[in-house]
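A.B. asks: start_4.cif is reproduced in full below (mmCIF, C-alpha atoms).
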data_entry
#
loop_
_atom_site.group_PDB
_atom_site.id
_atom_site.type_symbol
_atom_site.label_atom_id
_atom_site.label_comp_id
_atom_site.auth_asym_id
_atom_site.auth_seq_id
_atom_site.Cartn_x
_atom_site.Cartn_y
_atom_site.Cartn_z
ATOM 1 C CA MET A 2 187.449 148.140 22.556
ATOM 2 C CA ASN A 3 184.695 145.837 21.335
ATOM 3 C CA MET A 4 186.057 142.265 20.937
ATOM 4 C CA SER A 5 182.664 140.628 20.504
ATOM 5 C CA PHE A 6 183.383 139.750 16.880
ATOM 6 C CA LEU A 7 186.121 137.287 17.942
ATOM 7 C CA ASP A 8 185.134 133.697 18.395
ATOM 8 C CA ALA A 9 186.487 132.407 21.672
ATOM 9 C CA ASP A 10 186.743 128.852 20.366
ATOM 10 C CA LYS A 11 188.743 129.935 17.323
ATOM 11 C CA VAL A 12 191.073 132.058 19.424
ATOM 12 C CA GLN A 13 191.627 129.179 21.803
ATOM 13 C CA ALA A 14 192.303 126.813 18.917
ATOM 14 C CA ALA A 15 194.748 129.262 17.316
ATOM 15 C CA TRP A 16 196.541 129.766 20.619
ATOM 16 C CA ALA A 17 196.809 126.044 21.142
ATOM 17 C CA TYR A 18 198.209 125.608 17.613
ATOM 18 C CA LEU A 19 200.775 128.385 18.048
ATOM 19 C CA THR A 20 201.805 127.011 21.410
ATOM 20 C CA GLN A 21 202.227 123.515 20.019
ATOM 21 C CA PHE A 22 204.115 124.860 16.986
ATOM 22 C CA ALA A 23 206.450 126.923 19.172
ATOM 23 C CA ILE A 24 207.114 123.977 21.440
ATOM 24 C CA SER A 25 207.778 121.601 18.544
ATOM 25 C CA GLN A 26 210.044 124.079 16.737
ATOM 26 C CA GLY A 27 211.828 124.893 19.963
ATOM 27 C CA LEU A 28 212.460 121.219 20.538
ATOM 28 C CA ASN A 29 213.641 120.908 16.934
ATOM 29 C CA CYS A 30 216.057 123.823 17.451
ATOM 30 C CA LEU A 31 217.396 122.287 20.634
ATOM 31 C CA ALA A 32 217.752 118.919 18.930
ATOM 32 C CA ALA A 33 219.449 120.532 15.910
ATOM 33 C CA LEU A 34 221.837 122.424 18.176
ATOM 34 C CA ALA A 35 222.630 119.258 20.096
ATOM 35 C CA ILE A 36 223.223 117.350 16.835
ATOM 36 C CA LEU A 37 225.440 120.147 15.504
ATOM 37 C CA MET A 38 227.579 120.327 18.625
ATOM 38 C CA GLY A 39 227.749 116.549 18.910
ATOM 39 C CA GLY A 40 228.606 116.172 15.227
ATOM 40 C CA TRP A 41 231.413 118.730 15.391
ATOM 41 C CA TRP A 42 232.796 117.093 18.518
ATOM 42 C CA LEU A 43 232.523 113.652 16.914
ATOM 43 C CA ALA A 44 234.282 114.908 13.763
ATOM 44 C CA ALA A 45 237.238 116.161 15.798
ATOM 45 C CA ARG A 46 237.374 112.919 17.786
ATOM 46 C CA ALA A 47 237.229 110.855 14.599
ATOM 47 C CA ALA A 48 240.136 112.826 13.090
ATOM 48 C CA GLN A 49 242.207 112.347 16.254
ATOM 49 C CA ALA A 50 241.378 108.648 16.389
ATOM 50 C CA ILE A 51 242.435 108.167 12.771
ATOM 51 C CA ARG A 52 245.716 110.000 13.394
ATOM 52 C CA ARG A 53 246.487 107.846 16.432
ATOM 53 C CA THR A 54 245.523 104.658 14.637
ATOM 54 C CA LEU A 55 247.625 105.436 11.565
ATOM 55 C CA GLN A 56 250.681 106.142 13.723
ATOM 56 C CA HIS A 57 250.900 102.406 14.463
ATOM 57 C CA THR A 58 250.635 101.416 10.802
ATOM 58 C CA HIS A 59 252.880 101.651 7.757
ATOM 59 C CA VAL A 60 250.829 104.470 6.228
ATOM 60 C CA ASP A 61 253.071 107.305 5.065
ATOM 61 C CA ASP A 62 253.255 110.393 7.272
ATOM 62 C CA THR A 63 252.175 112.584 4.377
ATOM 63 C CA LEU A 64 248.945 110.626 3.913
ATOM 64 C CA ARG A 65 247.816 110.620 7.549
ATOM 65 C CA PRO A 66 246.701 114.272 7.821
ATOM 66 C CA MET A 67 244.816 113.988 4.544
ATOM 67 C CA LEU A 68 242.857 110.922 5.664
ATOM 68 C CA ALA A 69 242.085 112.539 9.003
ATOM 69 C CA SER A 70 240.812 115.702 7.265
ATOM 70 C CA VAL A 71 238.627 113.699 4.884
ATOM 71 C CA ALA A 72 237.044 111.769 7.766
ATOM 72 C CA GLN A 73 236.457 114.974 9.693
ATOM 73 C CA TRP A 74 234.675 116.689 6.818
ATOM 74 C CA VAL A 75 232.565 113.615 6.027
ATOM 75 C CA VAL A 76 231.252 113.600 9.588
ATOM 76 C CA ARG A 77 230.561 117.327 9.401
ATOM 77 C CA VAL A 78 228.588 116.995 6.162
ATOM 78 C CA ILE A 79 226.486 114.198 7.663
ATOM 79 C CA THR A 80 225.911 116.414 10.694
ATOM 80 C CA VAL A 81 224.643 119.282 8.541
ATOM 81 C CA VAL A 82 222.260 116.931 6.713
ATOM 82 C CA LEU A 83 220.851 115.666 10.039
ATOM 83 C CA VAL A 84 220.423 119.232 11.288
ATOM 84 C CA LEU A 85 218.448 120.208 8.201
ATOM 85 C CA SER A 86 216.293 117.094 8.494
ATOM 86 C CA GLN A 87 215.190 118.272 11.941
ATOM 87 C CA PHE A 88 213.392 121.177 10.284
ATOM 88 C CA GLY A 89 211.574 118.981 7.782
ATOM 89 C CA VAL A 90 213.997 119.286 4.892
ATOM 90 C CA GLN A 91 214.091 115.992 3.029
ATOM 91 C CA THR A 92 217.409 114.357 2.244
ATOM 92 C CA ALA A 93 216.496 114.086 -1.445
ATOM 93 C CA SER A 94 215.798 117.809 -1.512
ATOM 94 C CA ILE A 95 219.171 118.492 0.092
ATOM 95 C CA ILE A 96 220.956 116.408 -2.531
ATOM 96 C CA ALA A 97 219.032 118.127 -5.325
ATOM 97 C CA MET A 98 219.826 121.532 -3.846
ATOM 98 C CA LEU A 99 223.513 120.709 -3.545
ATOM 99 C CA GLY A 100 223.534 119.432 -7.105
ATOM 100 C CA ALA A 101 221.911 122.617 -8.395
ATOM 101 C CA ALA A 102 224.263 124.807 -6.387
ATOM 102 C CA GLY A 103 227.328 122.756 -7.284
ATOM 103 C CA LEU A 104 228.122 124.799 -10.378
ATOM 104 C CA ALA A 105 227.795 128.113 -8.549
ATOM 105 C CA ILE A 106 229.888 126.844 -5.651
ATOM 106 C CA GLY A 107 232.522 125.541 -8.038
ATOM 107 C CA LEU A 108 232.754 128.901 -9.823
ATOM 108 C CA ALA A 109 232.899 130.834 -6.555
ATOM 109 C CA LEU A 110 235.468 128.548 -4.964
ATOM 110 C CA GLN A 111 237.769 127.859 -7.881
ATOM 111 C CA GLY A 112 240.899 128.549 -5.858
ATOM 112 C CA THR A 113 239.746 126.396 -2.954
ATOM 113 C CA LEU A 114 238.811 123.498 -5.206
ATOM 114 C CA GLN A 115 242.157 123.786 -6.961
ATOM 115 C CA ASN A 116 243.899 123.537 -3.593
ATOM 116 C CA ILE A 117 241.872 120.421 -2.709
ATOM 117 C CA ALA A 118 242.639 118.783 -6.066
ATOM 118 C CA ALA A 119 246.317 119.722 -5.770
ATOM 119 C CA GLY A 120 246.437 118.343 -2.218
ATOM 120 C CA ILE A 121 244.991 115.027 -3.378
ATOM 121 C CA MET A 122 247.542 114.815 -6.195
ATOM 122 C CA LEU A 123 250.398 115.656 -3.818
ATOM 123 C CA VAL A 124 249.306 112.881 -1.468
ATOM 124 C CA LEU A 125 248.790 110.314 -4.232
ATOM 125 C CA LEU A 126 251.962 111.014 -6.240
ATOM 126 C CA ARG A 127 254.030 112.027 -3.179
ATOM 127 C CA PRO A 128 256.804 114.170 -4.700
ATOM 128 C CA PHE A 129 257.835 114.823 -1.094
ATOM 129 C CA ARG A 130 257.145 113.451 2.374
ATOM 130 C CA VAL A 131 256.917 114.819 5.882
ATOM 131 C CA GLY A 132 260.358 115.756 7.184
ATOM 132 C CA GLN A 133 261.932 116.387 3.772
ATOM 133 C CA TYR A 134 263.409 119.722 2.725
ATOM 134 C CA ILE A 135 261.966 121.061 -0.552
ATOM 135 C CA ASP A 136 262.127 124.173 -2.709
ATOM 136 C CA ALA A 137 259.167 124.982 -4.959
ATOM 137 C CA GLN A 138 260.407 127.981 -6.951
ATOM 138 C CA GLY A 139 261.257 130.151 -3.962
ATOM 139 C CA VAL A 140 259.012 128.420 -1.396
ATOM 140 C CA ALA A 141 261.521 126.424 0.655
ATOM 141 C CA GLY A 142 261.347 124.595 3.958
ATOM 142 C CA THR A 143 260.969 121.271 5.750
ATOM 143 C CA VAL A 144 257.546 119.683 5.205
ATOM 144 C CA ARG A 145 255.458 119.432 8.378
ATOM 145 C CA GLU A 146 252.044 118.481 6.981
ATOM 146 C CA THR A 147 250.109 118.273 3.725
ATOM 147 C CA GLY A 148 246.409 119.018 4.253
ATOM 148 C CA LEU A 149 243.385 119.387 2.015
ATOM 149 C CA PHE A 150 243.931 123.086 1.418
ATOM 150 C CA MET A 151 247.544 123.940 2.247
ATOM 151 C CA THR A 152 250.966 122.529 3.037
ATOM 152 C CA GLU A 153 252.836 123.542 6.174
ATOM 153 C CA LEU A 154 256.590 124.105 5.944
ATOM 154 C CA THR A 155 259.233 125.081 8.481
ATOM 155 C CA THR A 156 261.862 127.412 7.033
ATOM 156 C CA PHE A 157 265.561 127.148 7.858
ATOM 157 C CA ASP A 158 265.197 129.871 10.507
ATOM 158 C CA GLY A 159 262.304 128.138 12.281
ATOM 159 C CA VAL A 160 259.368 130.085 10.786
ATOM 160 C CA CYS A 161 256.111 128.252 10.020
ATOM 161 C CA LEU A 162 255.111 128.766 6.383
ATOM 162 C CA ARG A 163 251.665 127.746 5.080
ATOM 163 C CA VAL A 164 251.457 127.539 1.290
ATOM 164 C CA PRO A 165 248.343 126.773 -0.832
ATOM 165 C CA ASN A 166 248.607 123.340 -2.404
ATOM 166 C CA SER A 167 247.948 124.693 -5.900
ATOM 167 C CA LYS A 168 251.057 126.913 -5.719
ATOM 168 C CA ILE A 169 253.292 123.960 -4.836
ATOM 169 C CA TRP A 170 251.659 121.595 -7.330
ATOM 170 C CA GLY A 171 252.054 124.138 -10.142
ATOM 171 C CA SER A 172 255.756 124.690 -9.444
ATOM 172 C CA ALA A 173 258.910 122.742 -10.121
ATOM 173 C CA ILE A 174 259.675 120.943 -6.848
ATOM 174 C CA THR A 175 263.296 120.425 -5.827
ATOM 175 C CA ASN A 176 263.567 117.759 -3.124
ATOM 176 C CA TYR A 177 266.904 118.016 -1.336
ATOM 177 C CA SER A 178 266.173 115.094 1.002
ATOM 178 C CA GLU A 179 265.007 112.459 -1.492
ATOM 179 C CA ASN A 180 268.458 111.011 -2.249
ATOM 180 C CA MET A 181 270.724 109.682 0.482
ATOM 181 C CA THR A 182 273.903 111.161 -1.039
ATOM 182 C CA ARG A 183 274.820 114.542 -2.531
ATOM 183 C CA ARG A 184 277.702 115.911 -4.574
ATOM 184 C CA MET A 185 279.506 119.150 -3.831
ATOM 185 C CA ASP A 186 281.922 121.180 -5.975
ATOM 186 C CA ILE A 187 284.172 123.679 -4.216
ATOM 187 C CA GLU A 188 285.641 126.032 -6.801
ATOM 188 C CA VAL A 189 288.426 128.493 -5.998
ATOM 189 C CA THR A 190 290.356 130.765 -8.345
ATOM 190 C CA VAL A 191 294.094 131.237 -7.787
ATOM 191 C CA THR A 192 296.432 133.752 -9.417
ATOM 192 C CA PHE A 193 298.296 132.967 -12.630
ATOM 193 C CA ASP A 194 301.675 132.865 -10.883
ATOM 194 C CA SER A 195 300.491 130.201 -8.387
ATOM 195 C CA ASP A 196 301.798 126.637 -8.456
ATOM 196 C CA VAL A 197 298.741 124.846 -9.815
ATOM 197 C CA ALA A 198 300.176 121.345 -9.351
ATOM 198 C CA GLN A 199 300.911 122.001 -5.680
ATOM 199 C CA GLY A 200 297.458 123.522 -5.244
ATOM 200 C CA LEU A 201 295.752 120.436 -6.676
ATOM 201 C CA GLU A 202 297.854 118.187 -4.484
ATOM 202 C CA ALA A 203 296.932 120.238 -1.416
ATOM 203 C CA LEU A 204 293.249 119.964 -2.253
ATOM 204 C CA ARG A 205 293.644 116.204 -2.735
ATOM 205 C CA ARG A 206 295.211 115.841 0.728
ATOM 206 C CA MET A 207 292.435 117.966 2.232
ATOM 207 C CA LEU A 208 289.767 115.674 0.766
ATOM 208 C CA ASP A 209 291.588 112.494 1.791
ATOM 209 C CA ALA A 210 291.830 113.723 5.394
ATOM 210 C CA GLU A 211 288.032 114.076 5.724
ATOM 211 C CA PRO A 212 286.489 110.790 6.977
ATOM 212 C CA ARG A 213 282.904 111.811 6.194
ATOM 213 C CA LEU A 214 283.397 111.647 2.425
ATOM 214 C CA LEU A 215 282.144 108.629 0.516
ATOM 215 C CA ALA A 216 284.603 106.182 -0.998
ATOM 216 C CA GLU A 217 282.395 105.801 -4.066
ATOM 217 C CA PRO A 218 282.055 107.859 -6.182
ATOM 218 C CA LYS A 219 285.658 108.903 -5.688
ATOM 219 C CA SER A 220 286.673 112.466 -4.916
ATOM 220 C CA GLU A 221 288.353 114.462 -7.685
ATOM 221 C CA VAL A 222 290.451 117.604 -8.039
ATOM 222 C CA MET A 223 290.855 119.369 -11.371
ATOM 223 C CA VAL A 224 291.369 122.622 -13.245
ATOM 224 C CA VAL A 225 287.993 123.660 -14.632
ATOM 225 C CA ARG A 226 288.561 127.025 -16.329
ATOM 226 C CA TYR A 227 290.759 130.048 -16.945
ATOM 227 C CA THR A 228 289.297 133.442 -16.112
ATOM 228 C CA ASP A 229 290.478 137.040 -16.329
ATOM 229 C CA ARG A 230 291.480 136.829 -12.663
ATOM 230 C CA GLY A 231 293.309 133.516 -12.649
ATOM 231 C CA ILE A 232 292.986 129.726 -12.788
ATOM 232 C CA THR A 233 289.921 128.050 -11.232
ATOM 233 C CA LEU A 234 290.481 124.811 -9.297
ATOM 234 C CA ASP A 235 287.679 122.443 -8.374
ATOM 235 C CA ALA A 236 287.465 119.962 -5.485
ATOM 236 C CA ARG A 237 284.581 117.539 -6.123
ATOM 237 C CA TYR A 238 283.370 115.033 -3.551
ATOM 238 C CA TRP A 239 280.326 113.018 -2.456
ATOM 239 C CA THR A 240 278.934 112.807 1.065
ATOM 240 C CA SER A 241 275.788 111.694 2.843
ATOM 241 C CA ASN A 242 272.818 114.015 2.915
ATOM 242 C CA ALA A 243 273.065 114.342 6.689
ATOM 243 C CA ASP A 244 276.738 115.485 6.546
ATOM 244 C CA PHE A 245 276.430 117.734 3.507
ATOM 245 C CA TRP A 246 276.386 121.145 5.209
ATOM 246 C CA SER A 247 278.807 120.334 8.037
ATOM 247 C CA VAL A 248 281.430 119.003 5.591
ATOM 248 C CA GLN A 249 281.027 121.997 3.307
ATOM 249 C CA TYR A 250 281.467 124.497 6.143
ATOM 250 C CA ALA A 251 284.524 122.584 7.425
ATOM 251 C CA PHE A 252 286.198 122.805 4.007
ATOM 252 C CA PHE A 253 285.390 126.489 3.652
ATOM 253 C CA GLY A 254 287.070 127.134 6.998
ATOM 254 C CA LYS A 255 290.411 125.569 6.008
ATOM 255 C CA LEU A 256 290.496 126.198 2.232
ATOM 256 C CA ARG A 257 292.526 129.433 2.309
ATOM 257 C CA SER A 258 295.188 128.172 4.703
ATOM 258 C CA VAL A 259 295.587 124.933 2.709
ATOM 259 C CA LEU A 260 296.162 126.812 -0.559
ATOM 260 C CA ASN A 261 298.471 129.394 1.007
ATOM 261 C CA ALA A 262 300.617 126.617 2.474
ATOM 262 C CA ALA A 263 300.916 125.135 -1.038
ATOM 263 C CA GLY A 264 302.130 128.424 -2.484
ATOM 264 C CA CYS A 265 298.842 129.370 -4.108
ATOM 265 C CA GLU A 266 297.270 132.774 -3.670
ATOM 266 C CA ILE A 267 293.512 133.147 -4.005
ATOM 267 C CA ALA A 268 292.702 135.641 -6.763
ATOM 268 C CA VAL A 269 290.572 138.644 -5.902
ATOM 269 C CA PRO A 270 289.107 141.245 -8.259
ATOM 270 C CA VAL A 271 291.679 144.016 -8.805
ATOM 271 C CA GLN A 272 291.149 147.177 -10.822
ATOM 272 C CA GLU A 273 294.170 149.215 -11.926
ATOM 273 C CA VAL A 274 293.899 152.872 -12.881
ATOM 274 C CA ARG A 275 296.932 154.310 -14.700
ATOM 275 C CA ALA A 276 297.482 157.987 -15.515
ATOM 276 C CA PRO A 277 300.436 159.333 -17.574
ATOM 277 C CA VAL A 278 303.022 161.028 -15.372
ATOM 278 C CA GLY A 279 303.020 164.817 -15.630
ATOM 279 C CA GLU A 280 299.785 165.143 -17.587
ATOM 280 C CA ALA A 281 297.970 166.971 -14.813
ATOM 281 C CA PRO A 282 300.562 169.822 -14.444
ATOM 282 C CA GLN A 283 300.764 170.241 -18.211
ATOM 283 C CA ALA A 284 296.989 170.512 -18.476
ATOM 284 C CA GLU A 285 296.937 173.134 -15.735
ATOM 285 C CA THR A 286 299.637 175.147 -17.521
ATOM 286 C CA ARG A 287 297.685 174.896 -20.795
ATOM 287 C CA LYS A 288 294.529 176.230 -19.135
ATOM 288 C CA ARG A 289 296.360 179.188 -17.698
ATOM 289 C CA ALA A 290 297.890 180.016 -21.073
ATOM 290 C CA GLU A 291 294.524 179.903 -22.840
ATOM 291 C CA ALA A 292 292.781 182.129 -20.266
ATOM 292 C CA PRO A 293 292.251 185.807 -21.415
ATOM 293 C CA HIS A 294 294.769 188.241 -19.936
ATOM 294 C CA ARG A 295 293.090 191.092 -18.096
ATOM 295 C CA SER A 296 295.316 194.162 -17.401
ATOM 296 C CA GLY A 297 292.723 196.659 -16.324
ATOM 297 C CA PRO A 298 289.158 197.068 -15.206
ATOM 298 C CA GLN A 299 286.706 195.221 -17.367
ATOM 299 C CA PRO A 300 283.408 196.670 -18.592
ATOM 300 C CA TYR A 301 281.307 194.732 -16.154
ATOM 301 C CA ASP A 302 283.541 195.916 -13.295
ATOM 302 C CA ALA A 303 282.845 199.510 -14.268
ATOM 303 C CA LEU A 304 279.123 198.860 -14.539
ATOM 304 C CA ALA A 305 279.157 197.254 -11.130
ATOM 305 C CA ARG A 306 280.876 200.290 -9.606
ATOM 306 C CA HIS A 307 278.535 202.692 -11.407
ATOM 307 C CA GLY A 308 275.513 200.804 -10.139
ATOM 308 C CA ALA A 309 276.845 200.782 -6.631
ATOM 309 C CA GLY A 310 277.382 204.521 -6.838
#
Reformat the file's structure so that it appears as structure tokens.

C.D. replies:
Amino acid sequence: MNMSFLDADKVQAAWAYLTQFAISQGLNCLAALAILMGGWWLAARAAQAIRRTLQHTHVDDTLRPMLASVAQWVVRVITVVLVLSQFGVQTASIIAMLGAAGLAIGLALQGTLQNIAAGIMLVLLRPFRVGQYIDAQGVAGTVRETGLFMTELTTFDGVCLRVPNSKIWGSAITNYSENMTRRMDIEVTVTFDSDVAQGLEALRRMLDAEPRLLAEPKSEVMVVRYTDRGITLDARYWTSNADFWSVQYAFFGKLRSVLNAAGCEIAVPVQEVRAPVGEAPQAETRKRAEAPHRSGPQPYDALARHGAG
């Protein structure tokens, strides 16, 4: 092949340029990779350092994960900007590009942005804190952490539940741990022939014998309603939030024996079915009397025999 048309000086200059370009870009790639790895490692270390530092302060437990996440993502964004600058992309161009793409990103990530906004509102307004038991319209559990995107809960049976912040923020939140005391009403229905006065007195003695009840507000026993099954009695008391379930289960365990000892019988649903005596035999006799009397072979019997023959 004739290569005489190529200028050796130009080829050498082009080779030198390509070699220098490859070396410079290779060094830029290595530097960008080193910056990326170092930035990600630094972001994780910064988040851990903030968590450890805030543990020795009076900052609320709910706010600590949020601050750590914000610091981590700030370091990551700075890292990405430095990586792009290694390839000659100007910082002003990056900002302009992000500004132009902001609308598209916002439309594409509506759910994610809603979770971030909801997480910020949950941290600022703090309708609940870490360690409290909440119920947000069916989503119930003990709060473990509130992050930028989701909230971690632990259900009563020990399962980890991660819920988007927007779902919790858009729901009615019931916080069972916010108040230090809680009221409980134990209602029981007794039969109409029970001694109601003795039943109320028995419930009063049962409440007075429990030391975990609060002195104020005072415990009460009362008749609250009449139903088709009997008379409903109510034992109302106040206890601390920590003793709420244990006291309730203790009362449930002794409630029947206490009422039975007082001469009260707990009413249960009963359904009575009454049938007039002798109606069934009479109906059977009536059916037999109304049935046609057959004293000989019927037409279809003859047809059946003829067909068989």

A.B. asks: Translate the PyMOL selection byres ((chain A and resi 38-51) around 10), as applied to the file shown, into an explicit residue set as a ChimeraX atom specification.

C.D. replies: /A:32-37,52-56,65-81,83-84

A.B. asks: Enter the distance from atom CA of A:Thr175 to atom CA of A:Thr233, in Å, rounded to one decimal.

C.D. replies: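 For atom CA of A:Thr175 relative to atom CA of A:Thr233, the distance reads 28.2 Å.
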
A.B. asks: Let me make sure I understand: among A:Ala216, A:Val144, A:Ala268, A:Leu204, which one has the smallest atom-to-atom distance to A:Phe253 if we use only C-alpha atoms?

C.D. replies: A:Leu204

A.B. asks: Hey, which of A:Ile24, A:Leu256, A:Ala141, A:Ala263 ends up closest to A:Leu208? Count only C-alpha atoms.

C.D. replies: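 Looking at the shortest contact to A:Leu208, the residue is A:Leu256.
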
A.B. asks: Pick the closest to A:Tyr177 from A:Leu234, A:Ala243, A:Val197, A:Met207: which is it, counting only C-alpha atoms?

C.D. replies: A:Ala243

A.B. asks: Can you measure atom CA of A:Trp170 to atom CA of A:Asp62 for me? One decimal in Å is fine.

C.D. replies: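 Spanning atom CA of A:Trp170 to atom CA of A:Asp62 is a straight-line distance of 18.5 Å.
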
A.B. asks: Counting all atoms listed in the file, which residue out of A:Tyr18, A:Val124, A:Arg163, A:Ser241 sits closest to A:Thr182?

C.D. replies: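 Comparing A:Tyr18, A:Val124, A:Arg163, A:Ser241 against A:Thr182, the winner is A:Ser241.
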
A.B. asks: Expand the PyMOL selection byres ((chain A and resi 217) around 10) into the explicit residue set it covers here, and present it as a tab-separated table (two decimals) with C-alpha atoms, keeping the file's coordinate frame.

C.D. replies:
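Result written to result_17.tsv:
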chain	number	residue	atom	x	y	z
A	214	LEU	CA	283.40	111.65	2.42
A	215	LEU	CA	282.14	108.63	0.52
A	216	ALA	CA	284.60	106.18	-1.00
A	218	PRO	CA	282.06	107.86	-6.18
A	219	LYS	CA	285.66	108.90	-5.69
A	220	SER	CA	286.67	112.47	-4.92
A	238	TYR	CA	283.37	115.03	-3.55
A	239	TRP	CA	280.33	113.02	-2.46
A	240	THR	CA	278.93	112.81	1.06

A.B. asks: Atom CA of A:Arg127 and atom CA of A:Ser247 are how many Å apart?

C.D. replies: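 Going from atom CA of A:Arg127 over to atom CA of A:Ser247, I get 28.4 Å.
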
A.B. asks: For each of A:Leu85, A:Leu149, A:Val222, A:Val140, take the minimum atom-to-atom distance to A:Gln115, counting only C-alpha atoms, then give the residue where this is smallest.

C.D. replies: A:Leu149

A.B. asks: Which residue, A:Gln133, A:Thr113, A:Asn166, A:Asn29, has the smallest gap to A:Gly89 when you use all atoms listed in the file?

C.D. replies: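 So, comparing all the options, the nearest one is A:Asn29.
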
A.B. asks: Find the residues around A:Gln138 up to 8 Å (only C-alpha atoms counted), leave out those fewer than 6 positions away in its own chain, and share them as a list in words.

C.D. replies: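 My reading of the contact set: Ser172, Ala173 and Ile174 of chain A.
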
A.B. asks: Extract, using all atoms listed in the file, all DNA, RNA and protein residues at most 9 Å from A:Tyr134, discarding same-chain residues fewer than 3 positions from it, and format them as a list of chain:residue names.

C.D. replies: A:Phe129, A:Arg130, A:Val131, A:Ala141, A:Gly142, A:Thr143, A:Val144, A:Leu154, A:Thr155, A:Thr156, A:Thr175, A:Asn176, A:Tyr177, A:Ser178, A:Glu179

A.B. asks: Check which residues satisfy the PyMOL selection byres ((chain A and resi 165) around 10) in the file shown, then give them as a list in words.

C.D. replies: Gly112, Thr113, Gln115, Asn116, Ile117, Ala119, Gly120, Thr147, Gly148, Leu149, Phe150, Met151, Thr152, Glu153, Arg163, Val164, Asn166, Ser167, Lys168, Ile169 and Trp170 of chain A
